[in-house]
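The file upload00.cif contains mmCIF, C-alpha atoms:
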```cif
data_data
loop_
_atom_site.label_atom_id
_atom_site.label_comp_id
_atom_site.auth_asym_id
_atom_site.auth_seq_id
_atom_site.Cartn_x
_atom_site.Cartn_y
_atom_site.Cartn_z
CA MET L 1 -17.37 153.68 193.10
CA ILE L 2 -20.65 153.09 191.27
CA GLU L 3 -19.84 149.36 191.23
CA ASN L 4 -19.65 149.38 195.03
CA PHE L 5 -23.08 151.02 195.15
CA TYR L 6 -24.52 148.30 192.89
CA TYR L 7 -23.10 145.53 195.06
CA LEU L 8 -24.33 147.20 198.25
CA PHE L 9 -27.80 147.72 196.80
CA LEU L 10 -28.04 144.10 195.60
CA SER L 11 -26.79 142.76 198.94
CA LEU L 12 -29.27 144.82 200.95
CA VAL L 13 -32.24 143.93 198.74
CA ALA L 14 -31.26 140.24 198.80
CA GLY L 15 -31.05 140.36 202.60
CA PHE L 16 -34.43 142.09 202.80
CA CYS L 17 -36.07 139.52 200.50
CA ALA L 18 -34.50 136.67 202.51
CA TYR L 19 -35.87 138.19 205.72
CA ARG L 20 -39.34 138.58 204.19
CA ALA L 21 -39.20 134.98 202.95
CA MET L 22 -38.39 133.87 206.49
CA ILE L 23 -41.03 135.83 208.41
CA SER L 24 -43.91 135.64 205.92
CA LYS L 25 -46.91 133.85 207.41
CA GLN L 26 -48.00 132.27 204.14
CA LEU L 27 -45.73 129.95 202.23
CA LEU L 28 -46.48 131.10 198.67
CA PRO L 29 -45.12 134.65 199.20
CA SER L 30 -42.13 133.05 200.93
CA ALA L 31 -41.42 131.00 197.79
CA LEU L 32 -41.67 134.12 195.62
CA TYR L 33 -39.32 136.07 197.91
CA LEU L 34 -36.91 133.15 197.69
CA ALA L 35 -37.01 133.39 193.90
CA CYS L 36 -36.16 137.11 194.22
CA VAL L 37 -33.17 136.25 196.42
CA SER L 38 -32.00 133.73 193.85
CA ALA L 39 -32.30 136.25 191.01
CA LEU L 40 -30.38 138.90 192.96
CA VAL L 41 -27.64 136.42 193.86
CA SER L 42 -27.44 135.49 190.17
CA VAL L 43 -26.88 139.13 189.24
CA MET L 44 -24.11 139.38 191.82
CA LEU L 45 -22.50 136.19 190.51
CA TYR L 46 -22.63 137.53 186.96
CA MET L 47 -21.04 140.82 188.01
CA LEU L 48 -18.28 138.86 189.77
CA GLY L 49 -17.45 137.12 186.47
CA ALA L 50 -18.98 133.72 187.29
CA HIS L 51 -21.24 133.72 184.25
CA GLU L 52 -21.87 129.97 184.05
CA VAL L 53 -22.81 129.60 187.70
CA ALA L 54 -25.00 132.70 187.45
CA VAL L 55 -27.01 131.09 184.65
CA ILE L 56 -27.27 127.80 186.56
CA GLU L 57 -28.37 129.60 189.71
CA LEU L 58 -30.97 131.64 187.85
CA SER L 59 -32.47 128.68 186.00
CA VAL L 60 -32.32 126.21 188.88
CA GLY L 61 -32.68 128.44 191.95
CA ALA L 62 -35.21 130.93 190.65
CA GLY L 63 -36.90 128.54 188.22
CA LEU L 64 -36.91 124.87 189.11
CA VAL L 65 -36.93 125.16 192.91
CA THR L 66 -39.70 127.79 192.82
CA VAL L 67 -41.82 125.60 190.56
CA LEU L 68 -41.28 122.62 192.86
CA LEU L 69 -42.18 124.68 195.93
CA VAL L 70 -45.35 126.00 194.32
CA TYR L 71 -46.29 122.50 193.18
CA ALA L 72 -45.73 121.09 196.68
CA LEU L 73 -47.88 123.91 198.13
CA SER L 74 -50.61 123.17 195.61
CA VAL L 75 -50.59 119.51 196.69
CA ILE L 76 -50.62 120.01 200.45
CA GLY L 77 -52.25 123.44 200.62
CA ASP L 78 -50.81 126.69 201.93
CA ASP L 79 -50.34 125.83 205.59
CA THR L 80 -50.42 129.10 207.50
CA TYR L 81 -49.87 127.41 210.84
CA ASP L 82 -46.98 129.24 212.45
CA PRO L 83 -46.13 127.81 215.86
CA THR L 84 -43.84 129.54 218.29
CA SER L 85 -40.16 128.72 218.05
CA ILE L 86 -38.57 126.14 220.31
CA ILE L 87 -35.62 128.40 221.12
CA PRO L 88 -36.40 131.85 222.61
CA LYS L 89 -36.03 134.46 219.88
CA PRO L 90 -33.60 136.75 221.80
CA LEU L 91 -31.30 133.77 222.38
CA ALA L 92 -31.49 132.83 218.69
CA PHE L 93 -30.74 136.43 217.73
CA LEU L 94 -27.69 136.53 220.01
CA LEU L 95 -26.39 133.23 218.63
CA VAL L 96 -26.83 134.39 215.05
CA ALA L 97 -25.21 137.77 215.71
CA ALA L 98 -22.21 136.10 217.33
CA THR L 99 -21.89 133.65 214.43
CA ALA L 100 -22.18 136.39 211.81
CA LEU L 101 -19.56 138.53 213.56
CA LEU L 102 -17.22 135.54 213.82
CA VAL L 103 -17.62 134.64 210.12
CA GLY L 104 -17.10 138.26 209.06
CA TRP L 105 -14.05 138.64 211.31
CA MET L 106 -12.47 135.43 209.96
CA ALA L 107 -13.25 136.04 206.28
CA TYR L 108 -12.49 139.75 206.10
CA PRO L 109 -8.68 139.42 205.76
CA LEU L 110 -9.12 136.98 202.86
CA VAL L 111 -11.09 139.45 200.73
CA SER L 112 -9.47 142.71 201.80
CA GLN L 113 -6.51 142.19 199.45
CA PRO L 114 -6.82 142.99 195.75
CA ALA L 115 -7.97 140.07 193.63
CA ALA L 116 -5.15 138.06 192.11
CA ASN L 117 -4.99 137.33 188.41
CA GLY L 118 -4.47 134.00 186.62
CA GLU L 119 -7.94 132.86 185.61
CA VAL L 120 -8.52 129.19 184.77
CA LEU L 121 -11.37 128.16 182.48
CA LEU L 122 -14.32 126.47 184.14
CA ALA L 123 -14.36 123.70 181.52
CA ASN L 124 -10.74 122.79 182.29
CA VAL L 125 -11.40 122.67 185.99
CA LEU L 126 -14.65 120.76 185.65
CA TRP L 127 -13.53 118.11 183.17
CA LYS L 128 -9.86 117.68 184.13
CA GLN L 129 -9.40 118.54 187.80
CA ARG L 130 -12.86 117.84 189.19
CA ALA L 131 -14.12 115.04 186.93
CA LEU L 132 -15.27 113.04 189.97
CA ASP L 133 -17.65 115.86 190.84
CA VAL L 134 -19.37 115.46 187.49
CA TRP L 135 -20.07 111.77 188.16
CA VAL L 136 -21.31 112.61 191.65
CA GLN L 137 -23.65 115.16 190.09
CA VAL L 138 -24.98 112.51 187.70
CA ALA L 139 -25.75 110.23 190.66
CA LEU L 140 -27.38 113.13 192.50
CA ILE L 141 -29.56 114.01 189.53
CA PHE L 142 -30.72 110.36 189.42
CA SER L 143 -31.63 110.67 193.12
CA GLY L 144 -33.48 113.87 192.29
CA VAL L 145 -35.54 112.08 189.65
CA MET L 146 -36.49 109.50 192.27
CA GLY L 147 -37.42 112.34 194.61
CA VAL L 148 -39.65 113.93 191.98
CA LEU L 149 -41.37 110.57 191.48
CA GLY L 150 -41.94 110.46 195.25
CA LEU L 151 -43.32 113.98 195.15
CA LEU L 152 -45.70 113.19 192.32
CA SER L 153 -46.87 109.78 193.52
CA GLU L 154 -50.39 109.70 194.94
CA LYS L 155 -50.58 106.03 195.87
CA THR L 156 -52.67 105.47 198.99
CA HIS L 157 -51.36 103.13 201.65
CA PRO L 158 -53.48 100.85 203.84
CA GLN L 159 -52.60 102.98 206.90
CA GLU L 160 -54.16 106.00 205.26
CA ILE L 161 -57.70 104.58 205.40
CA HIS L 162 -59.60 106.72 207.86
CA PRO L 163 -61.14 105.13 210.99
CA HIS L 164 -64.68 106.19 210.06
CA GLU L 165 -64.32 104.35 206.73
CA THR L 166 -63.37 101.09 208.47
CA GLN L 167 -66.19 101.59 210.98
CA ALA L 168 -68.73 102.10 208.19
CA ALA L 169 -67.48 98.97 206.42
CA ALA L 170 -67.84 96.93 209.65
CA GLU L 171 -71.37 98.24 210.17
CA GLY L 172 -72.28 97.30 206.59
CA GLU L 173 -70.97 93.77 207.09
CA ALA L 174 -72.94 93.41 210.34
CA ILE L 175 -76.17 94.51 208.63
CA ALA L 176 -75.57 92.06 205.77
CA VAL L 177 -75.06 89.18 208.22
CA GLN L 178 -78.23 90.14 210.10
CA ILE L 179 -80.30 90.24 206.89
CA GLU L 180 -78.89 86.86 205.88
CA ARG L 181 -79.89 85.36 209.24
CA GLU L 182 -83.41 86.79 208.96
CA ILE L 183 -83.76 85.25 205.50
CA HIS L 184 -82.72 81.84 206.82
CA VAL L 185 -85.13 82.13 209.73
CA MET Z 186 -10.42 149.71 206.17
CA THR Z 187 -10.63 149.56 202.39
CA LEU Z 188 -14.01 149.26 200.70
CA ASN Z 189 -13.85 147.15 197.56
CA PRO Z 190 -16.56 145.05 195.86
CA LEU Z 191 -15.33 141.85 197.50
CA ASN Z 192 -15.83 143.36 200.96
CA ILE Z 193 -19.35 144.40 200.09
CA ILE Z 194 -20.19 140.94 198.76
CA LEU Z 195 -18.78 139.45 201.96
CA PHE Z 196 -21.24 141.68 203.82
CA GLY Z 197 -24.05 140.29 201.65
CA VAL Z 198 -22.89 136.72 202.33
CA VAL Z 199 -22.84 137.31 206.09
CA LEU Z 200 -26.27 138.96 205.91
CA LEU Z 201 -27.80 136.00 204.05
CA LEU Z 202 -26.09 133.53 206.41
CA ALA Z 203 -27.44 135.39 209.43
CA VAL Z 204 -30.99 135.44 208.08
CA GLY Z 205 -30.75 131.75 207.20
CA PHE Z 206 -29.37 130.71 210.58
CA TYR Z 207 -31.97 132.76 212.42
CA GLY Z 208 -34.77 131.25 210.34
CA LEU Z 209 -33.41 127.76 210.91
CA LEU Z 210 -33.43 128.31 214.66
CA ILE Z 211 -36.92 129.78 215.02
CA THR Z 212 -39.06 128.05 212.39
CA ARG Z 213 -40.93 124.78 212.94
CA ASN Z 214 -42.72 124.43 209.60
CA LEU Z 215 -41.17 121.69 207.46
CA ILE Z 216 -41.64 123.52 204.15
CA LYS Z 217 -40.22 126.72 205.60
CA ILE Z 218 -37.16 124.84 206.84
CA VAL Z 219 -36.49 123.73 203.24
CA LEU Z 220 -36.92 127.33 202.15
CA VAL Z 221 -34.51 128.64 204.79
CA LEU Z 222 -31.96 126.01 203.80
CA GLN Z 223 -32.18 127.38 200.25
CA ILE Z 224 -31.29 130.84 201.57
CA LEU Z 225 -28.28 129.40 203.40
CA VAL Z 226 -27.08 127.58 200.28
CA LYS Z 227 -27.37 130.74 198.19
CA ALA Z 228 -25.08 132.46 200.68
CA VAL Z 229 -22.63 129.56 200.45
CA VAL Z 230 -22.64 129.63 196.64
CA LEU Z 231 -21.91 133.35 196.72
CA ALA Z 232 -19.13 132.76 199.27
CA LEU Z 233 -17.54 130.03 197.11
CA VAL Z 234 -17.43 132.24 194.03
CA LEU Z 235 -16.17 135.12 196.18
CA ALA Z 236 -13.36 132.92 197.52
CA GLY Z 237 -12.48 131.83 193.99
CA LYS Z 238 -12.37 135.43 192.83
CA ALA Z 239 -10.26 136.52 195.81
CA SER Z 240 -7.75 133.71 195.36
CA GLY Z 241 -7.49 134.20 191.59
CA ASN Z 242 -8.96 130.78 190.78
CA LEU Z 243 -12.50 131.61 189.75
CA GLY Z 244 -12.88 128.41 187.73
CA LEU Z 245 -12.39 126.23 190.79
CA GLY Z 246 -14.85 128.30 192.80
CA GLN Z 247 -17.39 128.07 190.00
CA SER Z 248 -17.05 124.30 189.65
CA ILE Z 249 -17.55 123.72 193.38
CA ALA Z 250 -20.45 126.18 193.40
CA ALA Z 251 -22.11 124.29 190.53
CA THR Z 252 -21.76 121.03 192.48
CA VAL Z 253 -23.30 122.69 195.54
CA ILE Z 254 -26.22 124.00 193.47
CA VAL Z 255 -26.95 120.52 192.07
CA ALA Z 256 -26.72 118.89 195.51
CA ASP Z 257 -28.90 121.59 197.04
CA THR Z 258 -31.56 121.16 194.39
CA ILE Z 259 -31.68 117.42 194.99
CA VAL Z 260 -31.92 118.02 198.73
CA ALA Z 261 -34.83 120.41 198.12
CA VAL Z 262 -36.63 117.92 195.88
CA VAL Z 263 -36.27 115.00 198.29
CA ALA Z 264 -37.16 117.17 201.29
CA LEU Z 265 -40.29 118.49 199.57
CA ALA Z 266 -41.32 114.94 198.65
CA LEU Z 267 -40.85 113.91 202.27
CA ALA Z 268 -42.81 116.94 203.47
CA VAL Z 269 -45.71 116.10 201.16
CA GLN Z 270 -45.79 112.50 202.41
CA VAL Z 271 -45.51 113.62 206.05
CA ARG Z 272 -48.40 116.04 205.57
CA ARG Z 273 -50.52 113.30 204.00
CA ARG Z 274 -49.81 110.80 206.78
CA ALA Z 275 -49.50 112.96 209.89
CA GLY Z 276 -51.73 115.85 208.84
CA THR Z 277 -49.27 118.47 210.02
CA LEU Z 278 -45.99 120.09 209.03
CA ASP Z 279 -44.94 121.05 212.56
CA ILE Z 280 -41.65 119.29 213.30
CA ALA Z 281 -42.37 119.27 217.04
CA ARG Z 282 -45.65 117.39 216.54
CA ILE Z 283 -44.35 114.80 214.09
CA SER Z 284 -41.29 113.99 216.17
CA THR Z 285 -41.31 110.45 217.57
CA LEU Z 286 -38.11 110.89 219.54
CA GLN Z 287 -39.74 112.34 222.61
CA GLY Z 288 -38.93 110.60 225.88
#
```

Would it be possible to restate this file's structure as structure tokens?
Amino acid sequence: MIENFYYLFLSLVAGFCAYRAMISKQLLPSALYLACVSALVSVMLYMLGAHEVAVIELSVGAGLVTVLLVYALSVIGDDTYDPTSIIPKPLAFLLVAATALLVGWMAYPLVSQPAANGEVLLANVLWKQRALDVWVQVALIFSGVMGVLGLLSEKTHPQEIHPHETQAAAEGEAIAVQIEREIHV
Amino acid sequence: MTLNPLNIILFGVVLLLAVGFYGLLITRNLIKIVLVLQILVKAVVLALVLAGKASGNLGLGQSIAATVIVADTIVAVVALALAVQVRRRAGTLDIARISTLQG
């Protein structure tokens, strides 16, 4: 009974933090609320018995992704611009409510029965049954390193030169040519 | 209607999915879209482990959830890098203003 209360409390707080992360005007509090969601989901995963995934989720979801978000915000600035949504909000709410009801209705019979026994170790599954996944993850991590390099690079491209800079350079060249002509005259 | 921990976690999964879908529909800020996608993926990770627990094969659910976490992190990194470059070049993060597919 008390376990049910814990799960309900964690689910409600995670939903509240997710909602706050979504509606917050500034992006930095949104990133912090997202870290809270990740930590609460990690606790739920741990209580379910998925200890390894809980640790991965806590370190990656609440740690690495939050650090990357905060770094990206420090680079581009906390953009508080919040334009109106393309879809009307009542229509979006109706769509989401219908989708949530459909998912709950379809998934409820699967979890209403008591959990079956017969646990298999994660290491056996990961290294024997799903070895291809491990290689895919290696390739993905390589892509992630490339992405981090893209995030950190500050190389300026020729298109990024502002128009007033090119105009000032042209004016400088024109003055130099005029002075040269006056000297010759 | 029986109330067991798996039912309650299913409620949490549906709640997170609903918040994520709603945010994905109404937001136009590129960084916030990445953030909302993270919420959706957290719901999916929880659902995968829940399915593994319900079917008695928690190891399989955990392994797929770990793969999803890695893929999601890479997606977040690449998307943030793209957002930073878009902000530097276009000066905005509004997806409606940076779209070049308008007729």

Problem - Near-Ile259 of chain Z list (8 Å; all atoms listed in the file; drop same-chain fewer than 6 positions) as a PyMOL selection string - result: chain L and resi 140-141+143-144+147

Practice task
State, in Å with one decimal place, the distance from atom CA of Pro29 of chain L to atom CA of Leu95 of chain L.
Solution key: 27.0 Å

Problem - Result set of the PyMOL selection byres ((chain Z and resi 203) around 8) on the coordinates above, as a count of residues only - result: 12

If I put a ball of radius 6 Å at (-24.0, 136.2, 197.2) in the file's coordinates, which residues poke into it when counting all atoms listed in the file, written as a compact mmCIF listing (two decimals) with C-alpha atoms, keeping the file's coordinate frame?
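Resulting contents of out.txt:
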```txt
# COMPACT_ATOMS: atom_id res chain seq x y z
CA VAL L 41 -27.64 136.42 193.86
CA VAL Z 198 -22.89 136.72 202.33
CA ALA Z 228 -25.08 132.46 200.68
CA LEU Z 231 -21.91 133.35 196.72
```

Practice task
Please evaluate the PyMOL selection byres ((chain L and resi 68-73) around 8) against the structure above and give the resulting residues as a list in words.
Solution key: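 Checked against the file, the PyMOL selection byres ((chain L and resi 68-73) around 8) matches Leu27, Leu28, Ala31, Leu64, Val65, Thr66, Val67, Ser74, Val75, Ile76, Gly77, Asp78 and Leu151 of chain L; Val262, Leu265, Ala266 and Val269 of chain Z.
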
Exercise for the section: Show which residues sit within 12 Å of Ile249 of chain Z, as a ChimeraX atom specification. Count all atoms listed in the file, and ignore same-chain residues fewer than 5 positions away. Expected result: /L:50,53,122,125-126,129-134,136-137 /Z:229-237,242-244,254-256

With C-alpha atoms retained, could you export that selection as a PDB file, keeping the file's coordinate frame?
```
ATOM      1  CA  ALA L  50     -18.980 133.720 187.290  1.00  0.00           C
ATOM      2  CA  VAL L  53     -22.810 129.600 187.700  1.00  0.00           C
ATOM      3  CA  LEU L 122     -14.320 126.470 184.140  1.00  0.00           C
ATOM      4  CA  VAL L 125     -11.400 122.670 185.990  1.00  0.00           C
ATOM      5  CA  LEU L 126     -14.650 120.760 185.650  1.00  0.00           C
ATOM      6  CA  GLN L 129      -9.400 118.540 187.800  1.00  0.00           C
ATOM      7  CA  ARG L 130     -12.860 117.840 189.190  1.00  0.00           C
ATOM      8  CA  ALA L 131     -14.120 115.040 186.930  1.00  0.00           C
ATOM      9  CA  LEU L 132     -15.270 113.040 189.970  1.00  0.00           C
ATOM     10  CA  ASP L 133     -17.650 115.860 190.840  1.00  0.00           C
ATOM     11  CA  VAL L 134     -19.370 115.460 187.490  1.00  0.00           C
ATOM     12  CA  VAL L 136     -21.310 112.610 191.650  1.00  0.00           C
ATOM     13  CA  GLN L 137     -23.650 115.160 190.090  1.00  0.00           C
TER      14      GLN L 137
ATOM     15  CA  VAL Z 229     -22.630 129.560 200.450  1.00  0.00           C
ATOM     16  CA  VAL Z 230     -22.640 129.630 196.640  1.00  0.00           C
ATOM     17  CA  LEU Z 231     -21.910 133.350 196.720  1.00  0.00           C
ATOM     18  CA  ALA Z 232     -19.130 132.760 199.270  1.00  0.00           C
ATOM     19  CA  LEU Z 233     -17.540 130.030 197.110  1.00  0.00           C
ATOM     20  CA  VAL Z 234     -17.430 132.240 194.030  1.00  0.00           C
ATOM     21  CA  LEU Z 235     -16.170 135.120 196.180  1.00  0.00           C
ATOM     22  CA  ALA Z 236     -13.360 132.920 197.520  1.00  0.00           C
ATOM     23  CA  GLY Z 237     -12.480 131.830 193.990  1.00  0.00           C
ATOM     24  CA  ASN Z 242      -8.960 130.780 190.780  1.00  0.00           C
ATOM     25  CA  LEU Z 243     -12.500 131.610 189.750  1.00  0.00           C
ATOM     26  CA  GLY Z 244     -12.880 128.410 187.730  1.00  0.00           C
ATOM     27  CA  ILE Z 254     -26.220 124.000 193.470  1.00  0.00           C
ATOM     28  CA  VAL Z 255     -26.950 120.520 192.070  1.00  0.00           C
ATOM     29  CA  ALA Z 256     -26.720 118.890 195.510  1.00  0.00           C
TER      30      ALA Z 256
END
```

Practice task
Take the PyMOL selection byres ((chain L and resi 43) around 12), apply it to the structure above, and return the hits as a PyMOL selection string.
Solution key: (chain L and resi 6-7+9-11+13-14+36-42+44-58+62) or (chain Z and resi 194+231)

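Considering the residues L:Gln26, L:Ser85, L:Ser153, L:Asn124 and counting all atoms listed in the file, chain Z has its shortest atom-to-atom contact with L:Ser85.
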
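A straight line drawn from atom CA of Lys238 of chain Z to atom CA of Met1 of chain L is 18.9 Å long.
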
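Across the structure, atom CA of Ser112 of chain L and atom CA of Pro190 of chain Z are spaced 9.5 Å apart.
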